[in-house]
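Q: Sending over query.tsv (TSV, N, CA and C atoms).
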chain	number	residue	atom	x	y	z
A	1	MET	N	-8.17	4.71	-22.42
A	1	MET	CA	-7.74	5.20	-21.14
A	1	MET	C	-8.97	5.36	-20.25
A	2	ASN	N	-8.84	4.97	-18.99
A	2	ASN	CA	-9.94	5.08	-18.05
A	2	ASN	C	-10.03	6.49	-17.50
A	3	ALA	N	-11.24	6.97	-17.30
A	3	ALA	CA	-11.45	8.27	-16.68
A	3	ALA	C	-11.36	8.12	-15.17
A	4	ILE	N	-10.76	9.08	-14.50
A	4	ILE	CA	-10.63	9.05	-13.05
A	4	ILE	C	-11.61	10.06	-12.46
A	5	THR	N	-12.37	9.60	-11.48
A	5	THR	CA	-13.34	10.45	-10.82
A	5	THR	C	-12.96	10.59	-9.36
A	6	LEU	N	-12.81	11.81	-8.88
A	6	LEU	CA	-12.54	12.05	-7.47
A	6	LEU	C	-13.82	12.51	-6.82
A	7	THR	N	-14.20	11.82	-5.74
A	7	THR	CA	-15.42	12.21	-5.05
A	7	THR	C	-15.17	12.33	-3.56
A	8	MET	N	-15.88	13.22	-2.93
A	8	MET	CA	-15.79	13.39	-1.49
A	8	MET	C	-17.18	13.10	-0.93
A	9	PRO	N	-17.36	11.96	-0.25
A	9	PRO	CA	-18.66	11.66	0.30
A	9	PRO	C	-19.10	12.75	1.27
A	10	LYS	N	-20.40	13.07	1.27
A	10	LYS	CA	-20.92	14.16	2.09
A	10	LYS	C	-20.59	14.03	3.57
A	11	PRO	N	-20.70	12.83	4.19
A	11	PRO	CA	-20.39	12.76	5.62
A	11	PRO	C	-18.93	13.06	5.93
A	12	PHE	N	-18.06	12.98	4.91
A	12	PHE	CA	-16.64	13.18	5.13
A	12	PHE	C	-16.12	14.48	4.54
A	13	SER	N	-16.98	15.41	4.28
A	13	SER	CA	-16.59	16.64	3.60
A	13	SER	C	-15.58	17.47	4.39
A	14	MET	N	-15.39	17.19	5.66
A	14	MET	CA	-14.43	17.95	6.47
A	14	MET	C	-13.04	17.30	6.48
A	15	LEU	N	-12.87	16.16	5.83
A	15	LEU	CA	-11.57	15.48	5.83
A	15	LEU	C	-10.59	16.21	4.93
A	16	PRO	N	-9.27	16.11	5.21
A	16	PRO	CA	-8.27	16.75	4.35
A	16	PRO	C	-8.23	16.09	2.97
A	17	ASP	N	-7.61	16.77	2.02
A	17	ASP	CA	-7.55	16.30	0.63
A	17	ASP	C	-7.04	14.88	0.48
A	18	LYS	N	-6.10	14.44	1.34
A	18	LYS	CA	-5.55	13.11	1.22
A	18	LYS	C	-6.58	12.03	1.47
A	19	SER	N	-7.74	12.36	2.00
A	19	SER	CA	-8.75	11.38	2.31
A	19	SER	C	-9.80	11.24	1.21
A	20	LEU	N	-9.51	11.76	0.03
A	20	LEU	CA	-10.44	11.62	-1.08
A	20	LEU	C	-10.59	10.17	-1.47
A	21	ILE	N	-11.78	9.81	-1.87
A	21	ILE	CA	-12.01	8.47	-2.38
A	21	ILE	C	-11.87	8.54	-3.89
A	22	VAL	N	-11.05	7.65	-4.43
A	22	VAL	CA	-10.78	7.67	-5.87
A	22	VAL	C	-11.40	6.42	-6.49
A	23	SER	N	-12.16	6.61	-7.55
A	23	SER	CA	-12.67	5.46	-8.28
A	23	SER	C	-12.36	5.64	-9.75
A	24	VAL	N	-12.04	4.54	-10.41
A	24	VAL	CA	-11.73	4.57	-11.83
A	24	VAL	C	-12.84	3.83	-12.54
A	25	ASP	N	-13.64	4.59	-13.34
A	25	ASP	CA	-14.79	4.03	-14.04
A	25	ASP	C	-15.62	3.17	-13.09
A	26	SER	N	-15.82	1.90	-13.42
A	26	SER	CA	-16.65	1.05	-12.58
A	26	SER	C	-15.83	0.22	-11.60
A	27	GLU	N	-14.54	0.49	-11.52
A	27	GLU	CA	-13.68	-0.22	-10.59
A	27	GLU	C	-14.04	0.16	-9.16
A	28	PRO	N	-13.78	-0.72	-8.19
A	28	PRO	CA	-14.07	-0.38	-6.80
A	28	PRO	C	-13.18	0.78	-6.33
A	29	ALA	N	-13.65	1.49	-5.33
A	29	ALA	CA	-12.92	2.62	-4.78
A	29	ALA	C	-11.66	2.15	-4.06
A	30	VAL	N	-10.70	3.05	-3.95
A	30	VAL	CA	-9.47	2.78	-3.21
A	30	VAL	C	-9.71	3.20	-1.77
A	31	ALA	N	-9.40	2.31	-0.82
A	31	ALA	CA	-9.50	2.67	0.59
A	31	ALA	C	-8.23	3.42	0.96
A	32	VAL	N	-8.37	4.63	1.50
A	32	VAL	CA	-7.22	5.46	1.86
A	32	VAL	C	-7.14	5.57	3.38
A	33	PHE	N	-5.99	5.19	3.92
A	33	PHE	CA	-5.73	5.32	5.35
A	33	PHE	C	-4.82	6.53	5.52
A	34	SER	N	-5.39	7.63	6.02
A	34	SER	CA	-4.67	8.90	6.06
A	34	SER	C	-3.55	8.90	7.10
A	35	GLN	N	-2.70	9.89	7.01
A	35	GLN	CA	-1.49	9.99	7.82
A	35	GLN	C	-1.78	10.00	9.32
A	36	ASN	N	-2.89	10.54	9.74
A	36	ASN	CA	-3.19	10.63	11.17
A	36	ASN	C	-3.98	9.43	11.69
A	37	LEU	N	-4.05	8.35	10.93
A	37	LEU	CA	-4.84	7.18	11.30
A	37	LEU	C	-3.93	6.01	11.66
A	38	THR	N	-4.25	5.35	12.79
A	38	THR	CA	-3.55	4.13	13.18
A	38	THR	C	-4.57	3.01	13.28
A	39	ILE	N	-4.30	1.90	12.61
A	39	ILE	CA	-5.16	0.72	12.65
A	39	ILE	C	-4.41	-0.34	13.44
A	40	ILE	N	-5.07	-0.90	14.45
A	40	ILE	CA	-4.50	-2.01	15.21
A	40	ILE	C	-5.33	-3.23	14.85
A	41	GLY	N	-4.76	-4.10	14.06
A	41	GLY	CA	-5.48	-5.26	13.55
A	41	GLY	C	-5.19	-5.42	12.07
A	42	SER	N	-5.58	-6.54	11.53
A	42	SER	CA	-5.31	-6.85	10.13
A	42	SER	C	-6.34	-6.21	9.21
A	43	VAL	N	-5.91	-5.97	7.97
A	43	VAL	CA	-6.77	-5.36	6.95
A	43	VAL	C	-6.85	-6.32	5.78
A	44	PHE	N	-8.08	-6.63	5.33
A	44	PHE	CA	-8.29	-7.49	4.18
A	44	PHE	C	-9.27	-6.83	3.23
A	45	THR	N	-8.93	-6.81	1.94
A	45	THR	CA	-9.85	-6.32	0.93
A	45	THR	C	-9.52	-6.97	-0.40
A	46	THR	N	-10.53	-7.12	-1.24
A	46	THR	CA	-10.29	-7.64	-2.59
A	46	THR	C	-9.95	-6.49	-3.53
A	47	GLY	N	-9.95	-5.27	-3.02
A	47	GLY	CA	-9.65	-4.09	-3.82
A	47	GLY	C	-8.26	-3.55	-3.52
A	48	ALA	N	-8.16	-2.23	-3.61
A	48	ALA	CA	-6.87	-1.54	-3.45
A	48	ALA	C	-6.90	-0.66	-2.20
A	49	ILE	N	-5.73	-0.53	-1.57
A	49	ILE	CA	-5.61	0.39	-0.44
A	49	ILE	C	-4.36	1.26	-0.61
A	50	HIS	N	-4.45	2.45	-0.04
A	50	HIS	CA	-3.33	3.39	-0.01
A	50	HIS	C	-3.14	3.77	1.45
A	51	VAL	N	-1.94	3.50	1.98
A	51	VAL	CA	-1.68	3.72	3.40
A	51	VAL	C	-0.69	4.86	3.58
A	52	GLU	N	-1.13	5.91	4.25
A	52	GLU	CA	-0.25	7.00	4.66
A	52	GLU	C	-0.08	6.99	6.18
A	53	GLY	N	-0.96	6.27	6.87
A	53	GLY	CA	-0.90	6.18	8.33
A	53	GLY	C	-0.13	4.95	8.77
A	54	GLN	N	-0.54	4.37	9.91
A	54	GLN	CA	0.15	3.21	10.46
A	54	GLN	C	-0.82	2.06	10.62
A	55	ILE	N	-0.38	0.86	10.25
A	55	ILE	CA	-1.16	-0.35	10.46
A	55	ILE	C	-0.31	-1.32	11.26
A	56	ASP	N	-0.82	-1.68	12.44
A	56	ASP	CA	-0.17	-2.69	13.27
A	56	ASP	C	-0.92	-4.00	13.08
A	57	GLY	N	-0.59	-4.70	12.02
A	57	GLY	CA	-1.27	-5.93	11.64
A	57	GLY	C	-0.95	-6.24	10.19
A	58	ASP	N	-1.44	-7.35	9.73
A	58	ASP	CA	-1.18	-7.77	8.35
A	58	ASP	C	-2.13	-7.09	7.38
A	59	ILE	N	-1.66	-6.94	6.13
A	59	ILE	CA	-2.49	-6.40	5.05
A	59	ILE	C	-2.57	-7.46	3.96
A	60	ASN	N	-3.79	-7.71	3.49
A	60	ASN	CA	-4.00	-8.59	2.35
A	60	ASN	C	-4.97	-7.87	1.43
A	61	ALA	N	-4.49	-7.48	0.24
A	61	ALA	CA	-5.31	-6.72	-0.71
A	61	ALA	C	-4.82	-7.01	-2.12
A	62	GLN	N	-5.65	-6.66	-3.10
A	62	GLN	CA	-5.23	-6.85	-4.49
A	62	GLN	C	-4.08	-5.91	-4.84
A	63	THR	N	-4.19	-4.64	-4.41
A	63	THR	CA	-3.15	-3.64	-4.65
A	63	THR	C	-2.91	-2.88	-3.36
A	64	VAL	N	-1.63	-2.69	-3.02
A	64	VAL	CA	-1.26	-1.93	-1.83
A	64	VAL	C	-0.24	-0.88	-2.23
A	65	VAL	N	-0.54	0.37	-1.89
A	65	VAL	CA	0.41	1.47	-2.05
A	65	VAL	C	0.71	1.99	-0.65
A	66	LEU	N	1.96	1.90	-0.25
A	66	LEU	CA	2.38	2.41	1.05
A	66	LEU	C	3.11	3.73	0.80
A	67	GLY	N	2.49	4.83	1.21
A	67	GLY	CA	3.05	6.15	1.00
A	67	GLY	C	4.27	6.40	1.87
A	68	GLU	N	4.95	7.53	1.64
A	68	GLU	CA	6.17	7.85	2.39
A	68	GLU	C	5.95	7.91	3.88
A	69	THR	N	4.78	8.35	4.33
A	69	THR	CA	4.50	8.42	5.77
A	69	THR	C	3.86	7.14	6.27
A	70	GLY	N	3.63	6.17	5.40
A	70	GLY	CA	3.00	4.91	5.78
A	70	GLY	C	3.95	3.99	6.52
A	71	ARG	N	3.40	3.34	7.55
A	71	ARG	CA	4.16	2.39	8.37
A	71	ARG	C	3.32	1.15	8.58
A	72	VAL	N	3.92	-0.02	8.35
A	72	VAL	CA	3.22	-1.28	8.58
A	72	VAL	C	4.09	-2.15	9.47
A	73	ARG	N	3.49	-2.64	10.56
A	73	ARG	CA	4.14	-3.63	11.42
A	73	ARG	C	3.35	-4.91	11.26
A	74	GLY	N	3.75	-5.70	10.28
A	74	GLY	CA	3.05	-6.92	9.90
A	74	GLY	C	3.41	-7.22	8.46
A	75	SER	N	2.83	-8.27	7.93
A	75	SER	CA	3.15	-8.64	6.55
A	75	SER	C	2.17	-8.00	5.57
A	76	ILE	N	2.64	-7.79	4.35
A	76	ILE	CA	1.80	-7.30	3.26
A	76	ILE	C	1.77	-8.40	2.20
A	77	THR	N	0.56	-8.84	1.84
A	77	THR	CA	0.38	-9.83	0.79
A	77	THR	C	-0.53	-9.21	-0.26
A	78	SER	N	-0.03	-9.14	-1.50
A	78	SER	CA	-0.78	-8.45	-2.55
A	78	SER	C	-0.28	-8.86	-3.92
A	79	ASP	N	-1.15	-8.70	-4.92
A	79	ASP	CA	-0.71	-8.93	-6.30
A	79	ASP	C	0.28	-7.86	-6.72
A	80	TYR	N	0.00	-6.62	-6.32
A	80	TYR	CA	0.81	-5.48	-6.74
A	80	TYR	C	1.10	-4.60	-5.53
A	81	VAL	N	2.37	-4.39	-5.22
A	81	VAL	CA	2.76	-3.61	-4.05
A	81	VAL	C	3.73	-2.52	-4.46
A	82	ILE	N	3.46	-1.29	-4.00
A	82	ILE	CA	4.40	-0.18	-4.15
A	82	ILE	C	4.72	0.30	-2.75
A	83	VAL	N	6.01	0.31	-2.39
A	83	VAL	CA	6.41	0.71	-1.04
A	83	VAL	C	7.25	1.98	-1.12
A	84	ASN	N	6.76	3.02	-0.44
A	84	ASN	CA	7.50	4.26	-0.25
A	84	ASN	C	7.88	4.44	1.21
A	85	GLY	N	7.13	3.82	2.12
A	85	GLY	CA	7.31	3.97	3.56
A	85	GLY	C	8.09	2.82	4.15
A	86	SER	N	7.74	2.45	5.41
A	86	SER	CA	8.50	1.39	6.08
A	86	SER	C	7.61	0.22	6.47
A	87	VAL	N	8.20	-0.97	6.37
A	87	VAL	CA	7.52	-2.21	6.73
A	87	VAL	C	8.43	-2.99	7.67
A	88	THR	N	7.87	-3.39	8.80
A	88	THR	CA	8.55	-4.31	9.71
A	88	THR	C	7.79	-5.61	9.58
A	89	GLY	N	8.24	-6.45	8.69
A	89	GLY	CA	7.56	-7.69	8.35
A	89	GLY	C	7.85	-8.03	6.91
A	90	ASP	N	7.25	-9.10	6.44
A	90	ASP	CA	7.49	-9.55	5.07
A	90	ASP	C	6.55	-8.87	4.08
A	91	VAL	N	7.03	-8.75	2.84
A	91	VAL	CA	6.22	-8.27	1.72
A	91	VAL	C	6.17	-9.40	0.71
A	92	ILE	N	4.94	-9.83	0.37
A	92	ILE	CA	4.76	-10.95	-0.55
A	92	ILE	C	3.90	-10.44	-1.70
A	93	GLY	N	4.47	-10.44	-2.92
A	93	GLY	CA	3.72	-9.90	-4.04
A	93	GLY	C	4.15	-10.45	-5.37
A	94	GLU	N	3.21	-10.47	-6.30
A	94	GLU	CA	3.52	-10.83	-7.68
A	94	GLU	C	4.46	-9.79	-8.28
A	95	ASN	N	4.06	-8.51	-8.14
A	95	ASN	CA	4.85	-7.39	-8.64
A	95	ASN	C	5.11	-6.44	-7.48
A	96	VAL	N	6.37	-6.21	-7.17
A	96	VAL	CA	6.74	-5.36	-6.04
A	96	VAL	C	7.63	-4.24	-6.54
A	97	GLN	N	7.29	-3.00	-6.17
A	97	GLN	CA	8.12	-1.84	-6.49
A	97	GLN	C	8.56	-1.20	-5.19
A	98	LEU	N	9.86	-1.09	-5.01
A	98	LEU	CA	10.42	-0.45	-3.82
A	98	LEU	C	11.01	0.89	-4.25
A	99	GLN	N	10.41	1.95	-3.77
A	99	GLN	CA	10.85	3.29	-4.12
A	99	GLN	C	12.06	3.68	-3.26
A	100	ALA	N	12.70	4.79	-3.58
A	100	ALA	CA	13.93	5.21	-2.90
A	100	ALA	C	13.75	5.37	-1.40
A	101	SER	N	12.56	5.75	-0.95
A	101	SER	CA	12.33	5.97	0.48
A	101	SER	C	11.84	4.72	1.21
A	102	ALA	N	11.78	3.57	0.52
A	102	ALA	CA	11.29	2.33	1.12
A	102	ALA	C	12.29	1.76	2.11
A	103	SER	N	11.76	1.24	3.22
A	103	SER	CA	12.57	0.56	4.22
A	103	SER	C	11.83	-0.71	4.63
A	104	ILE	N	12.43	-1.87	4.33
A	104	ILE	CA	11.81	-3.15	4.63
A	104	ILE	C	12.69	-3.91	5.61
A	105	ASN	N	12.18	-4.12	6.83
A	105	ASN	CA	12.88	-4.94	7.81
A	105	ASN	C	12.18	-6.30	7.82
A	106	GLY	N	12.48	-7.08	6.82
A	106	GLY	CA	11.86	-8.37	6.60
A	106	GLY	C	12.26	-8.87	5.22
A	107	THR	N	11.62	-9.92	4.76
A	107	THR	CA	11.94	-10.50	3.46
A	107	THR	C	10.90	-10.05	2.43
A	108	VAL	N	11.37	-9.69	1.24
A	108	VAL	CA	10.48	-9.38	0.12
A	108	VAL	C	10.46	-10.61	-0.77
A	109	PHE	N	9.28	-11.24	-0.85
A	109	PHE	CA	9.05	-12.37	-1.74
A	109	PHE	C	8.36	-11.83	-2.98
A	110	TYR	N	8.89	-12.13	-4.18
A	110	TYR	CA	8.39	-11.49	-5.39
A	110	TYR	C	8.50	-12.41	-6.60
A	111	ARG	N	7.70	-12.11	-7.62
A	111	ARG	CA	7.89	-12.70	-8.96
A	111	ARG	C	8.62	-11.69	-9.83
A	112	LYS	N	8.19	-10.42	-9.75
A	112	LYS	CA	8.86	-9.32	-10.45
A	112	LYS	C	9.11	-8.24	-9.42
A	113	VAL	N	10.30	-7.63	-9.48
A	113	VAL	CA	10.63	-6.59	-8.50
A	113	VAL	C	11.36	-5.44	-9.19
A	114	GLY	N	11.09	-4.24	-8.72
A	114	GLY	CA	11.82	-3.05	-9.14
A	114	GLY	C	12.30	-2.34	-7.89
A	115	ILE	N	13.57	-2.00	-7.85
A	115	ILE	CA	14.14	-1.38	-6.65
A	115	ILE	C	14.88	-0.11	-7.05
A	116	ARG	N	14.45	1.01	-6.49
A	116	ARG	CA	15.11	2.30	-6.73
A	116	ARG	C	16.32	2.44	-5.80
A	117	ILE	N	17.32	3.19	-6.28
A	117	ILE	CA	18.49	3.48	-5.46
A	117	ILE	C	18.04	4.22	-4.21
A	118	GLY	N	18.48	3.75	-3.06
A	118	GLY	CA	18.12	4.35	-1.78
A	118	GLY	C	17.21	3.47	-0.95
A	119	ALA	N	16.51	2.53	-1.61
A	119	ALA	CA	15.63	1.62	-0.87
A	119	ALA	C	16.46	0.71	0.02
A	120	SER	N	15.91	0.39	1.19
A	120	SER	CA	16.58	-0.48	2.14
A	120	SER	C	15.76	-1.75	2.32
A	121	VAL	N	16.40	-2.91	2.06
A	121	VAL	CA	15.71	-4.20	2.14
A	121	VAL	C	16.58	-5.17	2.90
A	122	ALA	N	16.01	-5.87	3.90
A	122	ALA	CA	16.77	-6.84	4.66
A	122	ALA	C	17.10	-8.08	3.81
A	123	LYS	N	16.10	-8.60	3.06
A	123	LYS	CA	16.31	-9.81	2.30
A	123	LYS	C	15.34	-9.87	1.12
A	124	LEU	N	15.82	-10.39	-0.02
A	124	LEU	CA	14.99	-10.58	-1.21
A	124	LEU	C	14.94	-12.07	-1.54
A	125	ARG	N	13.75	-12.54	-1.95
A	125	ARG	CA	13.62	-13.93	-2.35
A	125	ARG	C	12.58	-14.05	-3.46
A	126	ARG	N	13.00	-14.59	-4.58
A	126	ARG	CA	12.09	-14.79	-5.72
A	126	ARG	C	11.19	-15.98	-5.46
A	127	ILE	N	9.90	-15.84	-5.81
A	127	ILE	CA	8.96	-16.97	-5.64
A	127	ILE	C	8.55	-17.53	-6.98
If you convert what's in this file into structure tokens, what do you get?
A:
Amino acid sequence: MNAITLTMPKPFSMLPDKSLIVSVDSEPAVAVFSQNLTIIGSVFTTGAIHVEGQIDGDINAQTVVLGETGRVRGSITSDYVIVNGSVTGDVIGENVQLQASASINGTVFYRKVGIRIGASVAKLRRI
């Protein structure tokens, strides 16, 4: 089992708890977009991101977790996607998990999918 280390960089010591940077052993840190943050433009990373705020643009990352307060207006392309919030656009992933609070106004393209009761999806398509 990997050890989880939570660290708060010194320049960001005034940020709320949700803005903690999480790293697992030698794995890269998770980029966290807090609830009060809006990004206008696309986001690309070879690592993982956790979105509680709003992104008006596409997301391309290895792992994407969209929290309950997270909103994306654009497509999400990722190996592993967990959606709790809302997406206006397509979700493209190898493994996609749609939680009960998920709302997708677009097509979910997937190889493997898990859908909780309560999730709202416009269209599903296996790839």
Q: With all atoms listed in the file as the atoms that count, which of A:Gly41, A:Ser75, A:Val30, A:Ile104 lies nearest to Asp90 (chain A)?
A: A:Ser75
Q: Excluding Ile59 (chain A) and its own-chain neighbours fewer than 4 positions away, which residues fall within 7 Å of it when counting only N, CA and C atoms? Please give them as a PDB file with N, CA and C atoms, in the frame of the given file.
A:
ATOM      1  N   SER A  42      -5.580  -6.540  11.530  1.00  0.00           N
ATOM      2  CA  SER A  42      -5.310  -6.850  10.130  1.00  0.00           C
ATOM      3  C   SER A  42      -6.340  -6.210   9.210  1.00  0.00           C
ATOM      4  N   VAL A  43      -5.910  -5.970   7.970  1.00  0.00           N
ATOM      5  CA  VAL A  43      -6.770  -5.360   6.950  1.00  0.00           C
ATOM      6  C   VAL A  43      -6.850  -6.320   5.780  1.00  0.00           C
ATOM      7  N   PHE A  44      -8.080  -6.630   5.330  1.00  0.00           N
ATOM      8  CA  PHE A  44      -8.290  -7.490   4.180  1.00  0.00           C
ATOM      9  C   PHE A  44      -9.270  -6.830   3.230  1.00  0.00           C
ATOM     10  N   THR A  45      -8.930  -6.810   1.940  1.00  0.00           N
ATOM     11  CA  THR A  45      -9.850  -6.320   0.930  1.00  0.00           C
ATOM     12  C   THR A  45      -9.520  -6.970  -0.400  1.00  0.00           C
ATOM     13  N   GLY A  74       3.750  -5.700  10.280  1.00  0.00           N
ATOM     14  CA  GLY A  74       3.050  -6.920   9.900  1.00  0.00           C
ATOM     15  C   GLY A  74       3.410  -7.220   8.460  1.00  0.00           C
ATOM     16  N   SER A  75       2.830  -8.270   7.930  1.00  0.00           N
ATOM     17  CA  SER A  75       3.150  -8.640   6.550  1.00  0.00           C
ATOM     18  C   SER A  75       2.170  -8.000   5.570  1.00  0.00           C
ATOM     19  N   ILE A  76       2.640  -7.790   4.350  1.00  0.00           N
ATOM     20  CA  ILE A  76       1.800  -7.300   3.260  1.00  0.00           C
ATOM     21  C   ILE A  76       1.770  -8.400   2.200  1.00  0.00           C
ATOM     22  N   THR A  77       0.560  -8.840   1.840  1.00  0.00           N
ATOM     23  CA  THR A  77       0.380  -9.830   0.790  1.00  0.00           C
ATOM     24  C   THR A  77      -0.530  -9.210  -0.260  1.00  0.00           C
ATOM     25  N   SER A  78      -0.030  -9.140  -1.500  1.00  0.00           N
ATOM     26  CA  SER A  78      -0.780  -8.450  -2.550  1.00  0.00           C
ATOM     27  C   SER A  78      -0.280  -8.860  -3.920  1.00  0.00           C
TER      28      SER A  78
END
Q: Counting all atoms listed in the file, which residue out of A:Arg71, A:Arg125, A:Arg116, A:His50 sits closest to Ser101 (chain A)?
A: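 Checking each candidate against Ser101 (chain A), we get A:Arg116 as the closest.
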Q: Grab the atom C of Phe33 (chain A) to atom C of Ala102 (chain A) distance for me, in Å with one decimal place.
A: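 We find that atom C of Phe33 (chain A) and atom C of Ala102 (chain A) lie 18.1 Å from each other.
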Q: Which polymer residues have any atom within 6.5 Å of an atom of Arg73 (chain A), counting all atoms listed in the file, with same-chain residues fewer than 2 positions away left out, as a ChimeraX atom specification?
A: /A:54-58,71,75,86-89
Q: Can you write just those residues out, N, CA and C atoms, as an mmCIF file, in the coordinates of the input?
A:
data_model
loop_
_atom_site.group_PDB
_atom_site.id
_atom_site.type_symbol
_atom_site.label_atom_id
_atom_site.label_comp_id
_atom_site.auth_asym_id
_atom_site.auth_seq_id
_atom_site.Cartn_x
_atom_site.Cartn_y
_atom_site.Cartn_z
ATOM 1 N N GLN A 54 -0.540 4.370 9.910
ATOM 2 C CA GLN A 54 0.150 3.210 10.460
ATOM 3 C C GLN A 54 -0.820 2.060 10.620
ATOM 4 N N ILE A 55 -0.380 0.860 10.250
ATOM 5 C CA ILE A 55 -1.160 -0.350 10.460
ATOM 6 C C ILE A 55 -0.310 -1.320 11.260
ATOM 7 N N ASP A 56 -0.820 -1.680 12.440
ATOM 8 C CA ASP A 56 -0.170 -2.690 13.270
ATOM 9 C C ASP A 56 -0.920 -4.000 13.080
ATOM 10 N N GLY A 57 -0.590 -4.700 12.020
ATOM 11 C CA GLY A 57 -1.270 -5.930 11.640
ATOM 12 C C GLY A 57 -0.950 -6.240 10.190
ATOM 13 N N ASP A 58 -1.440 -7.350 9.730
ATOM 14 C CA ASP A 58 -1.180 -7.770 8.350
ATOM 15 C C ASP A 58 -2.130 -7.090 7.380
ATOM 16 N N ARG A 71 3.400 3.340 7.550
ATOM 17 C CA ARG A 71 4.160 2.390 8.370
ATOM 18 C C ARG A 71 3.320 1.150 8.580
ATOM 19 N N SER A 75 2.830 -8.270 7.930
ATOM 20 C CA SER A 75 3.150 -8.640 6.550
ATOM 21 C C SER A 75 2.170 -8.000 5.570
ATOM 22 N N SER A 86 7.740 2.450 5.410
ATOM 23 C CA SER A 86 8.500 1.390 6.080
ATOM 24 C C SER A 86 7.610 0.220 6.470
ATOM 25 N N VAL A 87 8.200 -0.970 6.370
ATOM 26 C CA VAL A 87 7.520 -2.210 6.730
ATOM 27 C C VAL A 87 8.430 -2.990 7.670
ATOM 28 N N THR A 88 7.870 -3.390 8.800
ATOM 29 C CA THR A 88 8.550 -4.310 9.710
ATOM 30 C C THR A 88 7.790 -5.610 9.580
ATOM 31 N N GLY A 89 8.240 -6.450 8.690
ATOM 32 C CA GLY A 89 7.560 -7.690 8.350
ATOM 33 C C GLY A 89 7.850 -8.030 6.910
#
Q: Please return as a list in words every residue within 7 Å of (6.1, -5.3, -1.3), taking into account all atoms listed in the file and the file's own coordinates.
A: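 The answer, in the requested form, is Ile76, Tyr80, Val81, Ile82, Val83, Asp90, Val91, Ile92, Gly93, Asn95, Val96, Gln97, Leu98, Val108 and Phe109 of chain A.
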Q: Once you have the residues from the selection above, write them out as a JSON list (two decimals), keeping the file's coordinate frame, restricted to N, CA and C atoms.
A:
[["chain", "number", "residue", "atom", "x", "y", "z"],
["A", 76, "ILE", "N", 2.64, -7.79, 4.35],
["A", 76, "ILE", "CA", 1.80, -7.30, 3.26],
["A", 76, "ILE", "C", 1.77, -8.40, 2.20],
["A", 80, "TYR", "N", 0.00, -6.62, -6.32],
["A", 80, "TYR", "CA", 0.81, -5.48, -6.74],
["A", 80, "TYR", "C", 1.10, -4.60, -5.53],
["A", 81, "VAL", "N", 2.37, -4.39, -5.22],
["A", 81, "VAL", "CA", 2.76, -3.61, -4.05],
["A", 81, "VAL", "C", 3.73, -2.52, -4.46],
["A", 82, "ILE", "N", 3.46, -1.29, -4.00],
["A", 82, "ILE", "CA", 4.40, -0.18, -4.15],
["A", 82, "ILE", "C", 4.72, 0.30, -2.75],
["A", 83, "VAL", "N", 6.01, 0.31, -2.39],
["A", 83, "VAL", "CA", 6.41, 0.71, -1.04],
["A", 83, "VAL", "C", 7.25, 1.98, -1.12],
["A", 90, "ASP", "N", 7.25, -9.10, 6.44],
["A", 90, "ASP", "CA", 7.49, -9.55, 5.07],
["A", 90, "ASP", "C", 6.55, -8.87, 4.08],
["A", 91, "VAL", "N", 7.03, -8.75, 2.84],
["A", 91, "VAL", "CA", 6.22, -8.27, 1.72],
["A", 91, "VAL", "C", 6.17, -9.40, 0.71],
["A", 92, "ILE", "N", 4.94, -9.83, 0.37],
["A", 92, "ILE", "CA", 4.76, -10.95, -0.55],
["A", 92, "ILE", "C", 3.90, -10.44, -1.70],
["A", 93, "GLY", "N", 4.47, -10.44, -2.92],
["A", 93, "GLY", "CA", 3.72, -9.90, -4.04],
["A", 93, "GLY", "C", 4.15, -10.45, -5.37],
["A", 95, "ASN", "N", 4.06, -8.51, -8.14],
["A", 95, "ASN", "CA", 4.85, -7.39, -8.64],
["A", 95, "ASN", "C", 5.11, -6.44, -7.48],
["A", 96, "VAL", "N", 6.37, -6.21, -7.17],
["A", 96, "VAL", "CA", 6.74, -5.36, -6.04],
["A", 96, "VAL", "C", 7.63, -4.24, -6.54],
["A", 97, "GLN", "N", 7.29, -3.00, -6.17],
["A", 97, "GLN", "CA", 8.12, -1.84, -6.49],
["A", 97, "GLN", "C", 8.56, -1.20, -5.19],
["A", 98, "LEU", "N", 9.86, -1.09, -5.01],
["A", 98, "LEU", "CA", 10.42, -0.45, -3.82],
["A", 98, "LEU", "C", 11.01, 0.89, -4.25],
["A", 108, "VAL", "N", 11.37, -9.69, 1.24],
["A", 108, "VAL", "CA", 10.48, -9.38, 0.12],
["A", 108, "VAL", "C", 10.46, -10.61, -0.77],
["A", 109, "PHE", "N", 9.28, -11.24, -0.85],
["A", 109, "PHE", "CA", 9.05, -12.37, -1.74],
["A", 109, "PHE", "C", 8.36, -11.83, -2.98]]
Q: Between A:Leu66, A:Ile117, A:Val32, A:Ala61, which is the closest to Glu94 (chain A) once you count only C-alpha atoms?
A: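 Between A:Leu66, A:Ile117, A:Val32, A:Ala61, the residue approaching Glu94 (chain A) most closely is A:Ala61.
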Q: What is the CA of Ile49 (chain A)-CA of Leu37 (chain A) distance in Å, reported with one decimal?
A: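 According to the coordinates, CA of Ile49 (chain A) and CA of Leu37 (chain A) are separated by 13.6 Å.
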Q: Just the number, please: distance in Å from CA of Val113 (chain A) to CA of Gly85 (chain A), one decimal.
A: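 Between CA of Val113 (chain A) and CA of Gly85 (chain A) the gap works out to 16.4 Å.
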Q: Which one is closest to Ile39 (chain A): A:Gly118, A:Asn60, A:Gly53, A:Lys112? Count all atoms listed in the file.
A: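 So, comparing all the options, the nearest one is A:Gly53.
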Q: Point out the residue among A:Ala100, A:Val72, A:Ala48, A:Ile127 with the least atom-to-atom distance to Asn84 (chain A), counting all atoms listed in the file.
A: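 Comparing A:Ala100, A:Val72, A:Ala48, A:Ile127 against Asn84 (chain A), the winner is A:Ala100.
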Q: Might I get the box with edges along x, y and z of the file that holds all atoms of region 110-117 of chain A listed there, padded by 3 Å on every side, given as centre and edge lengths in Å to one decimal, as JSON?
A:
{"center_x": 13.1, "center_y": -4.2, "center_z": -7.3, "size_x": 16.8, "size_y": 22.9, "size_z": 12.3}
